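Note sheet for the following structure.
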Amino acid sequence: MPNAIRKAAVLGAGVMGAQIAAHLANVGIPTLLLDIVPREVTPEEAARGLTLESREVRNRLATNALQTLQKLKPSPLYSKDVLRLITPGNLEDDLPRVAECDWVVEAVIENLKIKQDLWRRVAEFHRPGTIVSSNTSGISIKAMVEGTPESFRRHFLGTHFFNPPRYMKLLELIPTPDTDPEIVSSMADFAERVLGKGVVMAKDTPNFIGNRIGVFGMMVTLEEMNRLGLTPDEVDALTGKAIGRPKSATFRTLDVVGIDTFCHVADNCKATIPDPAEAAVFTVPDSIRAMVQRGWIGQKAKQGFFKKEGDQILTLDLETMEYRPRKKASFASLEAAKANPDLRSRVRSLVFAKDKAGEFLWAVTKRTLLYAAEKVGEIADDVVAIDNAMKWGYNWELGPFEMWDAIGLEQSIARMEAEGHAVPDWVKAAAKQGGFYKREAGRSFFISRGEYAPVPMSDRVIDIAALRETGKVVREKKGATLLDMGDGVLLLETHSPKSAIGNDIIYMCRAAAEELASGRWSGLVIGARTENFCVGANVAMMLLEAQDEEWDDLEIMARQFQNAFMALKFAPKPVVVAPYGLTLGGGYELCAIGDRVVAAAESYIGLVEVGVGVIPGAGGNKEMLIRGLEGIPAGVQVDTQPIVNRIFETIATAKVATSAQEAQEMGYLRKSDQIVVNKDHQLYEAKQAVLAMEAAGYRPPEPALIPVAGPDGRAVLEMGAYGMFLGGWATEHDLLIARKLAYVLTGGNVPAGTRVTEQYMLDLEREAFLSLLGEKKTQARMAHLLKTGKPLRN
């Protein structure tokens with residue numbers, strides 16, 4: 001079971017091995033990271049008198065990998081502090097230590113013989129009960145452990161992480177005929193609950209599921225591009241967000257993944273797929289082979305299909321093998337589709353469009369869908385596994401079979417057959433029954449062996465759509481909804497445009513407070529399933545009001561904002577907030593009023609208001625002070641200036657935490673707040689937190705009295721800000737904002753040590769916020785952000 005894995009070992013400290021170790025450390029698992037012993041000392045080591053027998057030299061590869069982890073962007077680490085959980089070593093001296101571990105995962109070079117030799121050595125030290133697995137991206141799992149003892153093989157399976165392991169949701173589990181089913185189920189549970197992964201069961205076939213379908217799709221994309229005479233620029237415009245794929249589309253994705261890596265995966269398919277006709281599809285074009293020979297392998301080489309020169313991005317012309325300026329794609333169907341917000345109807349219109357874009361997308365989509373259908377049963381048991389693998393491993397919004405449903409099964413099958421393609425009988429049977437998927441009574445079903453079966457879902461997943469479909473809506477607005485989660489717990493779901501706080505969310509916060517005061521409910525969860533939790537207040541609305549000089553309206557709006565949040569903070573029932581993704585400005589202020597935060601590990605939290613020329617205005621400054629100063633015993637005299645200095649720096653420089661763990665370190669979250677690695681489980685865990693607090697006899701918090709630093713403390717903050725201004729690190733407007741912030745954080749003009757109320761602090765915040773909103777340079781910052789999406793320094 002999940003708690004049984006208390007210590008792990010990763011064999012291989014390359015890119016994947018080191019990052020798997022990093023993610024194990026992220027979730028609190030002590031990990032050995034082992035690699036081979038170097039064959040020679042470096043000049044620097046020799047100068048220090050080290051030899052090949054020195055432990056430092058023998059562990060060099062693993063030690064260097066830990067240093068590299070700290071430099072990677074985006075970071076594979078929740079916090080640099082987690083590195084203390086990784087112990088570097090080598091595969092000669094430390095291999096016996098695998099007997100101390102509950103899980104040993106191998107991530108060495110993709111060479112079957114090397115893997116076989118290593119596993120035979122590991123088997124000598126294998127402790128009964130220890131799970132052993134390979135992170136191979138496509139080599140036969142069964143072949144790796146041939147010749148090892150049966151007891152070892154029963155504990156062995158494939159665990160294919162996608163790169164980078166911290167961020168990519170997919171984990172393919174690949175058992176062999178010898179693998180104990182209990183090992184498979186316990187590993188799946190551990191991966192989902194502890195590592196936060198979306199687990200897909202794959203068959204032991206070449207490149208498993210994700211890479212088998214994904215690389216096939218890329219191969220046919222290249223083939224159809226050449227047939228129709230399209231450019232990489234045009235293909236990326238058609239195969240990105242327009243059809244529910246990542247913004248990086250096809251060629252930018254290849255640059256990020258590494259063109260050499262792509263060739264390796266394609267070559268493995270070609271060499272191991274038994275059907276010659278199918279294997280031939282995986283033949284890498286000569287032009288791409290030439291790129292690899294020249295070292296143009298993508299982002300890690302600073303050039304691939306794209307290359308940056310100064311501020312200009314150039315595109316490789318595959319015919320001349322020369323770089324040229326990027327060209328904007330121009331297709332009538334694509335331009336028309338951009339105005340359609342509904343992905344399914346947008347994809348349908350593009351695939352059946354009558355221009356070259358439609359011809360290309362139909363050809364690629366048709367071939368990919370038919371291939372996926374042919375592979376059901378061979379690479380995976382059902383359509384759900386294939387769809388999930390592509391959504392979680394390749395970031396497709398729709399898996400192949402979901403896309404097929406979206407474009408219309410009957411129409412597409414008729415066209416495929418008219419064009420001479422054989423469509424599997426089971427697909428035609430699915431079309432007659434209504435599609436691969438259907439939804440009834442709040443549940444999803446998929447076609448399996450001619451009948452519909454429930455789509456597997458963990459009991460730790462709360463389906464918001466199902467709550468809506470089964471009549472659980474309590475109150476509803478366009479930008480927010482109040483739902484009944486069951487067991488007496490309310491859910492305030494935020495779904496405003498671009499995840500910004502506007503009137504609907506403020507209204508629903510007040511409505512939630514009213515519902516909690518009615519005595520009918522046990523508590524409230526605030527959360528959602530959108531891309532980001534909340535990016536702050538609606539800047540466009542504030543800018544419009546400020547430009548029209550509607551100061552009375554802005555004052556009322558600011559008070560409503562504050563009052564709604566305070567009503568929830570002091571509600572008679574527990575409030576738990578569940579942030580994830582971008583949680584900025586007012587989004588953090590909404591979090592801060594909760595009795596507890598149950599944050600997704602991938603939460604990027606910060607007070608970033610200075611970027612648009614204001615300071616937090618709905619309690620952010622106040623709540624940061626409360627968190628910074630709480631825990632100081634009553635009557636104990638403590639110099640609070642260092643605490644206030646730190647909070648000032650955090651807000652004035654708009655620091656954003658790169659994980660929930662870092663948010664705790666920065667003071668945005670309390671150490672008592674909970675972090676959930678699997679975002680799909682977040683609402684469930686938040687609900688459990690509400691029920692636990694209510695069962696324990698919840699009482700709302702007492703309003704805080706906050707000791708402030710006063711004018712002397714403010715002078716310290718202003719001096720630091722002025723130094724930044726003199727050094728050219730801050731503009732004159734930055735200095736004005738900093739002085740306003742310093743005034744608020746130190747309590748205005750009251751003497752140092754005065755304990756002020758929360759309302760007093762809110763009044764200071766609101767006045768400073770509104771005064772800055774009246775500044776022309778602040779309005780210029782807001783306008784620039786809305787126009788470009790980037791901050792303006794003025």
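Scheme for the structure tokens: letters A, B, ... for chains in order shown; per-chain residue numbers from 1; ligand numbers from 1 in order shown.
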
Worksheet item: Can you list every residue in region 599-693 of chain A that DSSP puts in strand (DSSP E), as a PyMOL selection string?
Response: chain A and resi 599-600+603-606+674-676

Worksheet item: Which residues, written as a list in words, have at least one atom at most 12 Å from Glu767 (chain A), with only C-alpha atoms counted and residues fewer than 4 positions away on the same chain left out?
Response: Trp551, Leu554, Glu555, Ile556, Ala558, Arg559, Val614, Ile615, Pro616, Gly617, Ala618, Lys740, Leu741, Tyr743, Val744, Gly748, Tyr760, Met761, Leu762, Asp763, Ser771, Leu772, Leu773 and Gly774 of chain A

Serialized selection, N, CA and C atoms, as a short mmCIF file (atom, residue, chain, number, x, y, z; two decimals), in the first residue's frame:
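The file below, part_34.cif, is the result:
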data_model
loop_
_atom_site.label_atom_id
_atom_site.label_comp_id
_atom_site.auth_asym_id
_atom_site.auth_seq_id
_atom_site.Cartn_x
_atom_site.Cartn_y
_atom_site.Cartn_z
N TRP A 551 -14.94 57.24 -8.61
CA TRP A 551 -14.27 56.91 -7.34
C TRP A 551 -15.25 56.37 -6.30
N LEU A 554 -15.77 52.78 -7.13
CA LEU A 554 -14.58 51.99 -6.79
C LEU A 554 -14.46 51.78 -5.28
N GLU A 555 -14.81 52.82 -4.52
CA GLU A 555 -14.79 52.70 -3.06
C GLU A 555 -15.79 51.64 -2.61
N ILE A 556 -16.99 51.67 -3.18
CA ILE A 556 -18.01 50.67 -2.82
C ILE A 556 -17.53 49.28 -3.20
N ALA A 558 -14.45 48.17 -3.56
CA ALA A 558 -13.36 47.74 -2.68
C ALA A 558 -13.90 47.29 -1.33
N ARG A 559 -14.88 48.04 -0.79
CA ARG A 559 -15.48 47.66 0.50
C ARG A 559 -16.23 46.33 0.39
N VAL A 614 -0.49 48.92 -7.99
CA VAL A 614 -1.24 49.09 -6.74
C VAL A 614 -0.63 48.17 -5.68
N ILE A 615 -1.25 48.12 -4.52
CA ILE A 615 -0.85 47.16 -3.50
C ILE A 615 -2.07 46.30 -3.19
N PRO A 616 -1.91 45.16 -2.51
CA PRO A 616 -3.07 44.36 -2.15
C PRO A 616 -4.11 45.19 -1.42
N GLY A 617 -5.39 45.01 -1.78
CA GLY A 617 -6.43 45.85 -1.21
C GLY A 617 -7.57 45.12 -0.55
N ALA A 618 -7.49 43.77 -0.46
CA ALA A 618 -8.59 43.02 0.13
C ALA A 618 -8.12 42.15 1.28
N LYS A 740 3.69 53.59 -0.11
CA LYS A 740 2.30 53.29 0.28
C LYS A 740 2.23 51.95 1.00
N LEU A 741 2.96 50.96 0.46
CA LEU A 741 2.97 49.64 1.07
C LEU A 741 3.59 49.69 2.46
N TYR A 743 3.65 52.18 4.48
CA TYR A 743 2.71 52.87 5.37
C TYR A 743 1.66 51.88 5.90
N VAL A 744 1.15 51.05 5.02
CA VAL A 744 0.12 50.08 5.42
C VAL A 744 0.71 49.02 6.35
N GLY A 748 0.38 52.69 9.63
CA GLY A 748 0.10 54.13 9.51
C GLY A 748 0.88 54.95 10.53
N TYR A 760 -9.09 48.05 10.96
CA TYR A 760 -8.19 49.21 10.81
C TYR A 760 -7.21 48.96 9.67
N MET A 761 -6.63 47.77 9.62
CA MET A 761 -5.68 47.45 8.56
C MET A 761 -6.37 47.43 7.19
N LEU A 762 -7.59 46.91 7.15
CA LEU A 762 -8.32 46.90 5.88
C LEU A 762 -8.59 48.31 5.39
N ASP A 763 -8.90 49.23 6.31
CA ASP A 763 -9.15 50.61 5.91
C ASP A 763 -7.89 51.24 5.32
N SER A 771 -5.92 55.21 -3.80
CA SER A 771 -5.09 56.36 -4.16
C SER A 771 -4.13 56.01 -5.30
N LEU A 772 -3.59 54.81 -5.27
CA LEU A 772 -2.69 54.40 -6.35
C LEU A 772 -3.46 54.17 -7.64
N LEU A 773 -4.70 53.74 -7.54
CA LEU A 773 -5.52 53.53 -8.73
C LEU A 773 -5.76 54.85 -9.47
N GLY A 774 -5.68 55.93 -8.76
CA GLY A 774 -5.86 57.24 -9.39
C GLY A 774 -4.63 57.76 -10.11
#

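Considering only C-alpha atoms, the residue among A:Leu83, A:Met390, A:Val122, A:Ala337 positioned nearest to Gly217 (chain A) is A:Met390.
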
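Taking CA of Val215 (chain A) and CA of Leu334 (chain A) as endpoints, the distance between them is 24.4 Å.
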
Item to complete: Using only C-alpha atoms, determine which residues lie at most 12 Å from region 184-189 of chain A, disregarding the query and same-chain residues fewer than 4 positions distant; provide the list as a ChimeraX atom specification.
Response: /A:1-5,102-103,129-133,154-159,170-180,193-202,458-460,678

How would the residues just chosen look if you wrote them out with C-alpha atoms as a compact mmCIF listing (two decimals), in the first residue's frame?
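After the write, result_33.txt holds the following:
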# COMPACT_ATOMS: atom_id res chain seq x y z
CA MET A 1 0.00 0.00 0.00
CA PRO A 2 1.14 3.66 -0.42
CA ASN A 3 2.65 4.02 3.03
CA ALA A 4 4.70 0.85 2.46
CA ILE A 5 7.12 2.80 0.21
CA ASP A 102 10.94 -0.44 -0.69
CA TRP A 103 11.10 0.55 -4.36
CA GLY A 129 8.58 -7.27 -0.81
CA THR A 130 10.69 -4.60 -2.53
CA ILE A 131 9.13 -3.41 -5.80
CA VAL A 132 11.56 -3.18 -8.73
CA SER A 133 10.77 -1.36 -11.97
CA ARG A 154 7.02 -11.27 -9.49
CA HIS A 155 8.01 -7.88 -8.04
CA PHE A 156 9.06 -6.40 -11.40
CA LEU A 157 7.14 -4.12 -13.79
CA GLY A 158 7.57 -1.10 -16.01
CA THR A 159 6.99 2.39 -14.59
CA LEU A 170 1.05 10.30 -17.01
CA LEU A 171 2.62 7.19 -15.51
CA GLU A 172 2.36 4.08 -17.65
CA LEU A 173 2.45 0.87 -15.61
CA ILE A 174 3.53 -2.15 -17.63
CA PRO A 175 3.24 -5.51 -15.86
CA THR A 176 4.63 -8.73 -17.28
CA PRO A 177 2.89 -12.14 -17.15
CA ASP A 178 5.04 -12.86 -14.07
CA THR A 179 4.19 -9.67 -12.14
CA ASP A 180 2.15 -10.25 -8.99
CA ARG A 193 -2.21 9.01 -4.21
CA VAL A 194 1.41 9.78 -3.29
CA LEU A 195 3.11 10.72 -6.55
CA GLY A 196 0.02 12.49 -7.92
CA LYS A 197 0.03 10.60 -11.21
CA GLY A 198 -2.63 9.60 -13.67
CA VAL A 199 -2.00 5.88 -14.01
CA VAL A 200 -2.61 3.98 -17.24
CA MET A 201 -2.16 0.23 -17.59
CA ALA A 202 -0.19 -0.54 -20.74
CA SER A 458 -11.33 7.05 -7.91
CA ASP A 459 -13.54 7.54 -4.87
CA ARG A 460 -11.24 10.48 -4.10
CA ASN A 678 -2.78 14.77 -6.97

Discussion item. Please extract the residues of region 472-517 of chain A with a backbone DSSP assignment of helix (DSSP H, G or I) and present them as a ChimeraX atom specification.
Written reply: /A:497-499,503-517

Can you write just those residues out, N, CA, C and O atoms, as a CSV table (one decimal), in the first residue's frame?
chain,number,residue,atom,x,y,z
A,497,PRO,N,-14.6,34.4,-16.2
A,497,PRO,CA,-13.7,34.6,-17.4
A,497,PRO,C,-12.3,34.9,-17.0
A,497,PRO,O,-12.0,35.7,-16.1
A,498,LYS,N,-11.3,34.1,-17.5
A,498,LYS,CA,-9.9,34.2,-17.2
A,498,LYS,C,-9.5,34.1,-15.8
A,498,LYS,O,-8.5,34.6,-15.3
A,499,SER,N,-10.4,33.5,-15.0
A,499,SER,CA,-10.2,33.2,-13.6
A,499,SER,C,-9.9,34.5,-12.8
A,499,SER,O,-9.1,34.5,-11.8
A,503,ASN,N,-17.8,40.7,-9.9
A,503,ASN,CA,-19.0,40.9,-9.1
A,503,ASN,C,-19.6,39.5,-8.8
A,503,ASN,O,-20.1,39.3,-7.7
A,504,ASP,N,-19.6,38.6,-9.7
A,504,ASP,CA,-20.2,37.3,-9.4
A,504,ASP,C,-19.6,36.5,-8.3
A,504,ASP,O,-20.2,35.9,-7.5
A,505,ILE,N,-18.2,36.5,-8.2
A,505,ILE,CA,-17.5,35.8,-7.2
A,505,ILE,C,-17.8,36.5,-5.8
A,505,ILE,O,-18.0,35.9,-4.8
A,506,ILE,N,-17.8,37.9,-5.8
A,506,ILE,CA,-18.1,38.6,-4.6
A,506,ILE,C,-19.5,38.3,-4.1
A,506,ILE,O,-19.7,38.0,-2.9
A,507,TYR,N,-20.4,38.3,-5.0
A,507,TYR,CA,-21.8,38.0,-4.7
A,507,TYR,C,-21.9,36.6,-4.1
A,507,TYR,O,-22.5,36.3,-3.0
A,508,MET,N,-21.2,35.6,-4.7
A,508,MET,CA,-21.3,34.2,-4.2
A,508,MET,C,-20.5,34.0,-2.9
A,508,MET,O,-20.9,33.2,-2.1
A,509,CYS,N,-19.5,34.8,-2.6
A,509,CYS,CA,-18.9,34.8,-1.3
A,509,CYS,C,-19.9,35.2,-0.2
A,509,CYS,O,-20.0,34.6,0.9
A,510,ARG,N,-20.6,36.3,-0.5
A,510,ARG,CA,-21.6,36.8,0.5
A,510,ARG,C,-22.7,35.7,0.6
A,510,ARG,O,-23.2,35.4,1.7
A,511,ALA,N,-23.1,35.1,-0.5
A,511,ALA,CA,-24.2,34.1,-0.5
A,511,ALA,C,-23.8,32.9,0.3
A,511,ALA,O,-24.5,32.4,1.1
A,512,ALA,N,-22.5,32.5,0.2
A,512,ALA,CA,-22.0,31.4,0.9
A,512,ALA,C,-22.0,31.7,2.4
A,512,ALA,O,-22.3,30.8,3.2
A,513,ALA,N,-21.6,32.9,2.8
A,513,ALA,CA,-21.6,33.3,4.2
A,513,ALA,C,-23.0,33.3,4.8
A,513,ALA,O,-23.2,32.8,5.9
A,514,GLU,N,-24.0,33.7,4.0
A,514,GLU,CA,-25.4,33.6,4.4
A,514,GLU,C,-25.8,32.2,4.6
A,514,GLU,O,-26.5,31.9,5.6
A,515,GLU,N,-25.5,31.3,3.7
A,515,GLU,CA,-25.8,29.9,3.8
A,515,GLU,C,-25.2,29.3,5.0
A,515,GLU,O,-25.9,28.5,5.8
A,516,LEU,N,-24.0,29.6,5.3
A,516,LEU,CA,-23.3,29.0,6.5
A,516,LEU,C,-24.0,29.6,7.8
A,516,LEU,O,-24.0,28.8,8.8
A,517,ALA,N,-24.4,30.8,7.7
A,517,ALA,CA,-25.1,31.4,8.9
A,517,ALA,C,-26.5,30.8,9.2
A,517,ALA,O,-27.0,30.9,10.3

Worksheet item: Neighbours of region 783-792 of chain A within 8 Å (only C-alpha atoms; same-chain residues fewer than 6 positions away dropped), as a ChimeraX atom specification?
Response: /A:539-540,543,611-612

Practice prompt. Write out as a list in words each polymer residue whose atoms come within 10 Å of Ile462 (chain A), counting only C-alpha atoms; drop sequence neighbours fewer than 6 positions from it.
Written response: Met485, Asp680, His681, Gln682, Leu683, Tyr684, Glu685 and Lys687 of chain A

Store the residues picked out above in a file with all heavy atoms, as a CSV table (one decimal), in the first residue's frame.
chain,number,residue,atom,x,y,z
A,485,MET,N,-22.0,19.6,-2.0
A,485,MET,CA,-21.0,18.5,-2.2
A,485,MET,C,-21.5,17.2,-1.6
A,485,MET,O,-20.8,16.1,-1.7
A,485,MET,CB,-19.7,18.8,-1.7
A,485,MET,CG,-19.0,20.0,-2.3
A,485,MET,SD,-17.4,20.4,-1.5
A,485,MET,CE,-16.3,19.2,-2.3
A,680,ASP,N,-6.5,16.0,-8.7
A,680,ASP,CA,-7.8,15.4,-8.8
A,680,ASP,C,-8.4,15.0,-7.5
A,680,ASP,O,-9.6,14.9,-7.4
A,680,ASP,CB,-7.7,14.1,-9.7
A,680,ASP,CG,-7.4,14.4,-11.2
A,680,ASP,OD1,-7.5,15.6,-11.6
A,680,ASP,OD2,-7.0,13.5,-11.9
A,681,HIS,N,-7.6,14.9,-6.5
A,681,HIS,CA,-8.1,14.5,-5.1
A,681,HIS,C,-8.3,15.7,-4.2
A,681,HIS,O,-8.7,15.6,-3.1
A,681,HIS,CB,-7.0,13.6,-4.5
A,681,HIS,CG,-6.8,12.3,-5.2
A,681,HIS,ND1,-5.9,11.3,-4.7
A,681,HIS,CD2,-7.4,11.7,-6.3
A,681,HIS,CE1,-6.0,10.3,-5.5
A,681,HIS,NE2,-6.9,10.5,-6.5
A,682,GLN,N,-8.0,16.9,-4.7
A,682,GLN,CA,-7.9,18.1,-3.9
A,682,GLN,C,-9.3,18.4,-3.3
A,682,GLN,O,-9.4,18.7,-2.1
A,682,GLN,CB,-7.4,19.3,-4.7
A,682,GLN,CG,-7.2,20.5,-3.9
A,682,GLN,CD,-6.8,21.7,-4.8
A,682,GLN,OE1,-6.9,21.6,-6.0
A,682,GLN,NE2,-6.3,22.7,-4.2
A,683,LEU,N,-10.4,18.4,-4.0
A,683,LEU,CA,-11.7,18.8,-3.5
A,683,LEU,C,-12.1,17.7,-2.5
A,683,LEU,O,-12.7,18.1,-1.5
A,683,LEU,CB,-12.7,18.9,-4.6
A,683,LEU,CG,-12.5,20.1,-5.6
A,683,LEU,CD1,-13.6,20.0,-6.7
A,683,LEU,CD2,-12.5,21.4,-4.9
A,684,TYR,N,-11.8,16.5,-2.7
A,684,TYR,CA,-12.2,15.4,-1.7
A,684,TYR,C,-11.4,15.7,-0.4
A,684,TYR,O,-12.1,15.7,0.7
A,684,TYR,CB,-11.8,14.1,-2.3
A,684,TYR,CG,-11.8,13.0,-1.3
A,684,TYR,CD1,-13.0,12.3,-1.1
A,684,TYR,CD2,-10.7,12.6,-0.5
A,684,TYR,CE1,-13.1,11.2,-0.1
A,684,TYR,CE2,-10.8,11.6,0.4
A,684,TYR,CZ,-12.0,10.9,0.6
A,684,TYR,OH,-12.1,9.9,1.6
A,685,GLU,N,-10.1,16.0,-0.5
A,685,GLU,CA,-9.4,16.2,0.7
A,685,GLU,C,-9.8,17.5,1.4
A,685,GLU,O,-9.9,17.5,2.7
A,685,GLU,CB,-7.9,16.3,0.4
A,685,GLU,CG,-7.3,15.1,-0.1
A,685,GLU,CD,-7.2,13.9,0.9
A,685,GLU,OE1,-7.4,14.2,2.1
A,685,GLU,OE2,-6.9,12.8,0.5
A,687,LYS,N,-12.9,18.7,1.4
A,687,LYS,CA,-14.2,18.3,2.0
A,687,LYS,C,-13.9,17.6,3.3
A,687,LYS,O,-14.6,17.8,4.4
A,687,LYS,CB,-15.0,17.5,1.1
A,687,LYS,CG,-16.3,17.0,1.6
A,687,LYS,CD,-17.1,16.1,0.7
A,687,LYS,CE,-18.4,15.6,1.3
A,687,LYS,NZ,-19.1,14.7,0.4

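Nearest to Asn207 (chain A) of all the residues A:Gly523, A:Pro456, A:Gly138, A:Pro400 is A:Gly138, based on only C-alpha atoms.
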